[in-house]
Amino acid sequence: MPPKPIVNKQDILNAAIQLIRENGMESINARNLAKVINCSTKPLFRIYKNMEELKKDILEELNNYYNNFMNSRITGKNMLLSQGISYVEFAKKEKTIFSILFMSKAINGFTLQDIVLSDKNKFLIQNVKDTTGLSEDKAYKLIINMWFYSHGIATQIVSNGIDISLEVVTELISEVFYQFSTNLLITERGI
């Protein structure tokens with residue numbers, strides 16, 4: 001008799017992500033996962049106590065995937081601009097995953113201030129100050145304005161509201177970055 005295949009946590013997470021890409025988060029259940037992995041449901045519950053524990057790990061895996069995607073694309077010279085473009089690029093490439101991460105209750109409990117002012121974004125605020133000459137307060141406002149603008153384009157793409165090339169996205173986000181930052185600088189300096 002051949003040895004039983006060994007199913008590990010990463011196998012389950014990979015299968016879950018495959019299901020999510022094909023059918024969304026609602027397709028995640030023990031039976032569907034077992035079918036993709038080609039095993040019974042027993043190995044799933046040997047590794048996970050319940051589906052909620054698995055879904056927590058799935059969200060963590062999706063967040064890691066998103067962060068790796070963004071980190072590979074954000075450039076040091078103008079981090080905010082490259083972040084906005086990369087955010088929309090992720091939405092174009094991974095509509096279902098983007099929707100789960102940024103258009104569902106997965107981010108409930110976080111305010112925009114929580115996100116922008118988190119420790120991992122302190123370097124972004126400094127980069128914006130260095131790139132634009134804005135004060136910290138105005139840099140913060142620029143980050144929020146750019147996030148809303150980029151998120152608006154991304155959500156329109158994900159909801160199939162618009163079909164837009166990455167080239168046009170880059171032009172739009174670049175233009176609005178310079179308009180927003182110039183207006184904030186003019187306001188700040190009283191020109």
# chains A, B, ... in the order shown; residues from 1 in each chain; ligands from 1

$ residues_around --residues "Tyr149 of chain A" --least-positions-apart "3" --cutoff "10 Å" --atoms "only C-alpha atoms" --output "MDAnalysis selection string"
chainID A and resid 84 143:146 152:154 172:173 176:177

$ residues_around --residues "segment 158-168 of chain A" --least-positions-apart "2" --cutoff "12 Å" --atoms "only C-alpha atoms" --output "ChimeraX atom specification"
/A:84-103,151-156,170-175

$ select_by_dssp --residues "segment 48-155 of chain A" --states "alpha helix (DSSP H)" --output "ChimeraX atom specification"
/A:51-71,79-93,95-102,112-116,122-132,136-155

$ residues_around --residues "Leu185 of chain A" --least-positions-apart "4" --cutoff "7 Å" --atoms "only C-alpha atoms" --output "list in words"
Leu134, Ser181 and Arg189 of chain A

$ write_last_selection --atoms "all heavy atoms" --output "PDB file, in the first residue's frame"
ATOM      1  N   LEU A 134       6.868  69.445   2.016  1.00  0.00           N
ATOM      2  CA  LEU A 134       5.720  69.716   2.876  1.00  0.00           C
ATOM      3  C   LEU A 134       6.052  69.452   4.335  1.00  0.00           C
ATOM      4  O   LEU A 134       6.933  68.654   4.651  1.00  0.00           O
ATOM      5  CB  LEU A 134       4.536  68.820   2.467  1.00  0.00           C
ATOM      6  CG  LEU A 134       3.889  69.100   1.113  1.00  0.00           C
ATOM      7  CD1 LEU A 134       2.925  67.976   0.750  1.00  0.00           C
ATOM      8  CD2 LEU A 134       3.169  70.445   1.122  1.00  0.00           C
ATOM      9  N   SER A 181       0.071  67.885  -4.197  1.00  0.00           N
ATOM     10  CA  SER A 181       1.244  68.343  -3.441  1.00  0.00           C
ATOM     11  C   SER A 181       1.507  69.825  -3.696  1.00  0.00           C
ATOM     12  O   SER A 181       1.844  70.568  -2.763  1.00  0.00           O
ATOM     13  CB  SER A 181       2.483  67.501  -3.756  1.00  0.00           C
ATOM     14  OG  SER A 181       2.801  67.541  -5.122  1.00  0.00           O
ATOM     15  N   ARG A 189       2.473  77.613   2.435  1.00  0.00           N
ATOM     16  CA  ARG A 189       3.361  78.774   2.371  1.00  0.00           C
ATOM     17  C   ARG A 189       2.632  80.087   2.167  1.00  0.00           C
ATOM     18  O   ARG A 189       3.257  81.142   2.099  1.00  0.00           O
ATOM     19  CB  ARG A 189       4.401  78.560   1.256  1.00  0.00           C
ATOM     20  CG  ARG A 189       5.303  77.392   1.606  1.00  0.00           C
ATOM     21  CD  ARG A 189       6.442  77.239   0.681  1.00  0.00           C
ATOM     22  NE  ARG A 189       7.268  76.122   1.125  1.00  0.00           N
ATOM     23  CZ  ARG A 189       8.164  75.535   0.380  1.00  0.00           C
ATOM     24  NH1 ARG A 189       8.371  75.960  -0.856  1.00  0.00           N
ATOM     25  NH2 ARG A 189       8.857  74.530   0.843  1.00  0.00           N
TER      26      ARG A 189
END

$ atom_distance --atom1 "atom CA of Gln10 of chain A" --atom2 "atom CA of Tyr48 of chain A"
11.9 Å

$ closest_residue --among "A:Ser82, A:Asn121, A:Thr132, A:Asn14" --to "Val169 of chain A" --atoms "only C-alpha atoms"
A:Ser82

$ residues_around --residues "Ser40 of chain A" --least-positions-apart "5" --cutoff "10 Å" --atoms "only C-alpha atoms" --output "list in words"
Ala30, Arg31, Leu33, Ala34, Lys35 and Phe45 of chain A

$ write_last_selection --atoms "all heavy atoms" --output "mmCIF file, in the first residue's frame"
data_model
loop_
_atom_site.group_PDB
_atom_site.id
_atom_site.type_symbol
_atom_site.label_atom_id
_atom_site.label_comp_id
_atom_site.auth_asym_id
_atom_site.auth_seq_id
_atom_site.Cartn_x
_atom_site.Cartn_y
_atom_site.Cartn_z
ATOM 1 N N ALA A 30 -14.416 23.123 4.087
ATOM 2 C CA ALA A 30 -13.576 21.916 4.192
ATOM 3 C C ALA A 30 -13.725 21.020 2.960
ATOM 4 O O ALA A 30 -12.731 20.500 2.443
ATOM 5 C CB ALA A 30 -13.914 21.152 5.458
ATOM 6 N N ARG A 31 -14.916 20.854 2.486
ATOM 7 C CA ARG A 31 -15.153 19.966 1.339
ATOM 8 C C ARG A 31 -14.449 20.485 0.073
ATOM 9 O O ARG A 31 -13.788 19.723 -0.630
ATOM 10 C CB ARG A 31 -16.653 19.804 1.100
ATOM 11 C CG ARG A 31 -16.969 18.791 0.004
ATOM 12 C CD ARG A 31 -18.437 18.489 -0.089
ATOM 13 N NE ARG A 31 -18.858 17.826 1.143
ATOM 14 C CZ ARG A 31 -20.000 18.070 1.776
ATOM 15 N NH1 ARG A 31 -20.846 18.950 1.293
ATOM 16 N NH2 ARG A 31 -20.317 17.441 2.880
ATOM 17 N N LEU A 33 -11.893 22.581 -0.114
ATOM 18 C CA LEU A 33 -10.446 22.517 0.072
ATOM 19 C C LEU A 33 -9.926 21.087 -0.105
ATOM 20 O O LEU A 33 -8.914 20.859 -0.775
ATOM 21 C CB LEU A 33 -10.057 23.043 1.453
ATOM 22 C CG LEU A 33 -10.108 24.550 1.617
ATOM 23 C CD1 LEU A 33 -10.013 24.927 3.088
ATOM 24 C CD2 LEU A 33 -9.009 25.218 0.825
ATOM 25 N N ALA A 34 -10.627 20.135 0.491
ATOM 26 C CA ALA A 34 -10.218 18.732 0.370
ATOM 27 C C ALA A 34 -10.224 18.287 -1.091
ATOM 28 O O ALA A 34 -9.330 17.557 -1.532
ATOM 29 C CB ALA A 34 -11.138 17.847 1.204
ATOM 30 N N LYS A 35 -11.197 18.752 -1.833
ATOM 31 C CA LYS A 35 -11.281 18.394 -3.256
ATOM 32 C C LYS A 35 -10.074 18.931 -4.026
ATOM 33 O O LYS A 35 -9.466 18.227 -4.828
ATOM 34 C CB LYS A 35 -12.585 18.934 -3.848
ATOM 35 C CG LYS A 35 -12.843 18.517 -5.269
ATOM 36 C CD LYS A 35 -14.200 19.024 -5.736
ATOM 37 C CE LYS A 35 -14.438 18.630 -7.172
ATOM 38 N NZ LYS A 35 -15.730 19.156 -7.656
ATOM 39 N N PHE A 45 -8.681 19.211 9.441
ATOM 40 C CA PHE A 45 -9.014 19.439 10.841
ATOM 41 C C PHE A 45 -7.963 18.862 11.787
ATOM 42 O O PHE A 45 -8.018 19.079 12.991
ATOM 43 C CB PHE A 45 -10.420 18.911 11.143
ATOM 44 C CG PHE A 45 -11.475 19.721 10.436
ATOM 45 C CD1 PHE A 45 -12.192 19.194 9.379
ATOM 46 C CD2 PHE A 45 -11.706 21.044 10.803
ATOM 47 C CE1 PHE A 45 -13.148 19.950 8.719
ATOM 48 C CE2 PHE A 45 -12.660 21.812 10.147
ATOM 49 C CZ PHE A 45 -13.377 21.269 9.104
#

$ residues_around --residues "Glu188 of chain A" --least-positions-apart "3" --cutoff "10 Å" --atoms "only C-alpha atoms" --output "list in words"
Leu134, Ser135, Asp137, Lys138, Thr182, Asn183, Leu184, Leu185 and Ile191 of chain A

$ write_last_selection --atoms "all heavy atoms" --output "PDB file, in the first residue's frame"
ATOM      1  N   LEU A 134       6.868  69.445   2.016  1.00  0.00           N
ATOM      2  CA  LEU A 134       5.720  69.716   2.876  1.00  0.00           C
ATOM      3  C   LEU A 134       6.052  69.452   4.335  1.00  0.00           C
ATOM      4  O   LEU A 134       6.933  68.654   4.651  1.00  0.00           O
ATOM      5  CB  LEU A 134       4.536  68.820   2.467  1.00  0.00           C
ATOM      6  CG  LEU A 134       3.889  69.100   1.113  1.00  0.00           C
ATOM      7  CD1 LEU A 134       2.925  67.976   0.750  1.00  0.00           C
ATOM      8  CD2 LEU A 134       3.169  70.445   1.122  1.00  0.00           C
ATOM      9  N   SER A 135       5.297  70.117   5.220  1.00  0.00           N
ATOM     10  CA  SER A 135       5.409  69.838   6.651  1.00  0.00           C
ATOM     11  C   SER A 135       4.795  68.470   6.920  1.00  0.00           C
ATOM     12  O   SER A 135       4.128  67.885   6.069  1.00  0.00           O
ATOM     13  CB  SER A 135       4.649  70.896   7.452  1.00  0.00           C
ATOM     14  OG  SER A 135       3.254  70.791   7.177  1.00  0.00           O
ATOM     15  N   ASP A 137       2.273  67.687   8.829  1.00  0.00           N
ATOM     16  CA  ASP A 137       0.817  67.781   8.782  1.00  0.00           C
ATOM     17  C   ASP A 137       0.313  67.729   7.332  1.00  0.00           C
ATOM     18  O   ASP A 137      -0.632  67.005   7.014  1.00  0.00           O
ATOM     19  CB  ASP A 137       0.349  69.075   9.466  1.00  0.00           C
ATOM     20  CG  ASP A 137      -1.152  69.222   9.456  1.00  0.00           C
ATOM     21  OD1 ASP A 137      -1.839  68.281   9.918  1.00  0.00           O
ATOM     22  OD2 ASP A 137      -1.644  70.273   8.992  1.00  0.00           O
ATOM     23  N   LYS A 138       0.944  68.483   6.468  1.00  0.00           N
ATOM     24  CA  LYS A 138       0.528  68.511   5.053  1.00  0.00           C
ATOM     25  C   LYS A 138       0.912  67.208   4.345  1.00  0.00           C
ATOM     26  O   LYS A 138       0.200  66.744   3.460  1.00  0.00           O
ATOM     27  CB  LYS A 138       1.134  69.712   4.329  1.00  0.00           C
ATOM     28  CG  LYS A 138       0.675  71.053   4.854  1.00  0.00           C
ATOM     29  CD  LYS A 138      -0.797  71.295   4.636  1.00  0.00           C
ATOM     30  CE  LYS A 138      -1.162  72.695   5.125  1.00  0.00           C
ATOM     31  NZ  LYS A 138      -2.582  72.939   5.127  1.00  0.00           N
ATOM     32  N   THR A 182       1.329  70.295  -4.926  1.00  0.00           N
ATOM     33  CA  THR A 182       1.512  71.718  -5.228  1.00  0.00           C
ATOM     34  C   THR A 182       0.487  72.564  -4.488  1.00  0.00           C
ATOM     35  O   THR A 182       0.839  73.600  -3.899  1.00  0.00           O
ATOM     36  CB  THR A 182       1.412  71.959  -6.755  1.00  0.00           C
ATOM     37  OG1 THR A 182       2.420  71.188  -7.406  1.00  0.00           O
ATOM     38  CG2 THR A 182       1.578  73.429  -7.103  1.00  0.00           C
ATOM     39  N   ASN A 183      -0.774  72.137  -4.501  1.00  0.00           N
ATOM     40  CA  ASN A 183      -1.818  72.888  -3.790  1.00  0.00           C
ATOM     41  C   ASN A 183      -1.553  72.940  -2.290  1.00  0.00           C
ATOM     42  O   ASN A 183      -1.737  73.983  -1.663  1.00  0.00           O
ATOM     43  CB  ASN A 183      -3.201  72.285  -4.063  1.00  0.00           C
ATOM     44  CG  ASN A 183      -3.685  72.561  -5.469  1.00  0.00           C
ATOM     45  OD1 ASN A 183      -3.178  73.429  -6.155  1.00  0.00           O
ATOM     46  ND2 ASN A 183      -4.666  71.800  -5.914  1.00  0.00           N
ATOM     47  N   LEU A 184      -1.128  71.831  -1.719  1.00  0.00           N
ATOM     48  CA  LEU A 184      -0.808  71.820  -0.286  1.00  0.00           C
ATOM     49  C   LEU A 184       0.382  72.717   0.037  1.00  0.00           C
ATOM     50  O   LEU A 184       0.388  73.415   1.055  1.00  0.00           O
ATOM     51  CB  LEU A 184      -0.558  70.391   0.199  1.00  0.00           C
ATOM     52  CG  LEU A 184      -1.803  69.512   0.337  1.00  0.00           C
ATOM     53  CD1 LEU A 184      -1.421  68.042   0.502  1.00  0.00           C
ATOM     54  CD2 LEU A 184      -2.666  69.979   1.507  1.00  0.00           C
ATOM     55  N   LEU A 185       1.373  72.710  -0.852  1.00  0.00           N
ATOM     56  CA  LEU A 185       2.559  73.551  -0.645  1.00  0.00           C
ATOM     57  C   LEU A 185       2.185  75.026  -0.745  1.00  0.00           C
ATOM     58  O   LEU A 185       2.634  75.846   0.074  1.00  0.00           O
ATOM     59  CB  LEU A 185       3.615  73.194  -1.690  1.00  0.00           C
ATOM     60  CG  LEU A 185       5.035  73.645  -1.419  1.00  0.00           C
ATOM     61  CD1 LEU A 185       5.554  73.097  -0.091  1.00  0.00           C
ATOM     62  CD2 LEU A 185       5.958  73.201  -2.543  1.00  0.00           C
ATOM     63  N   ILE A 191       1.052  81.243  -0.483  1.00  0.00           N
ATOM     64  CA  ILE A 191       1.369  81.875  -1.771  1.00  0.00           C
ATOM     65  C   ILE A 191       0.086  82.168  -2.528  1.00  0.00           C
ATOM     66  O   ILE A 191      -0.831  81.450  -2.587  1.00  0.00           O
ATOM     67  CB  ILE A 191       2.281  80.967  -2.624  1.00  0.00           C
ATOM     68  CG1 ILE A 191       3.577  80.711  -1.861  1.00  0.00           C
ATOM     69  CG2 ILE A 191       2.551  81.583  -3.986  1.00  0.00           C
ATOM     70  CD1 ILE A 191       4.481  79.684  -2.520  1.00  0.00           C
TER      71      ILE A 191
END

$ closest_residue --among "A:Ile74, A:Ile28, A:Tyr65, A:Phe180" --to "Lys141 of chain A" --atoms "only C-alpha atoms"
A:Phe180

$ residues_around --residues "Asn38 of chain A" --least-positions-apart "4" --cutoff "12 Å" --atoms "only C-alpha atoms" --output "list in words"
Lys4, Pro5, Ile6, Val7, Asp11, Ile12, Ala15, Ala30, Arg31, Asn32, Leu33, Ala34, Lys42, Pro43 and Leu44 of chain A
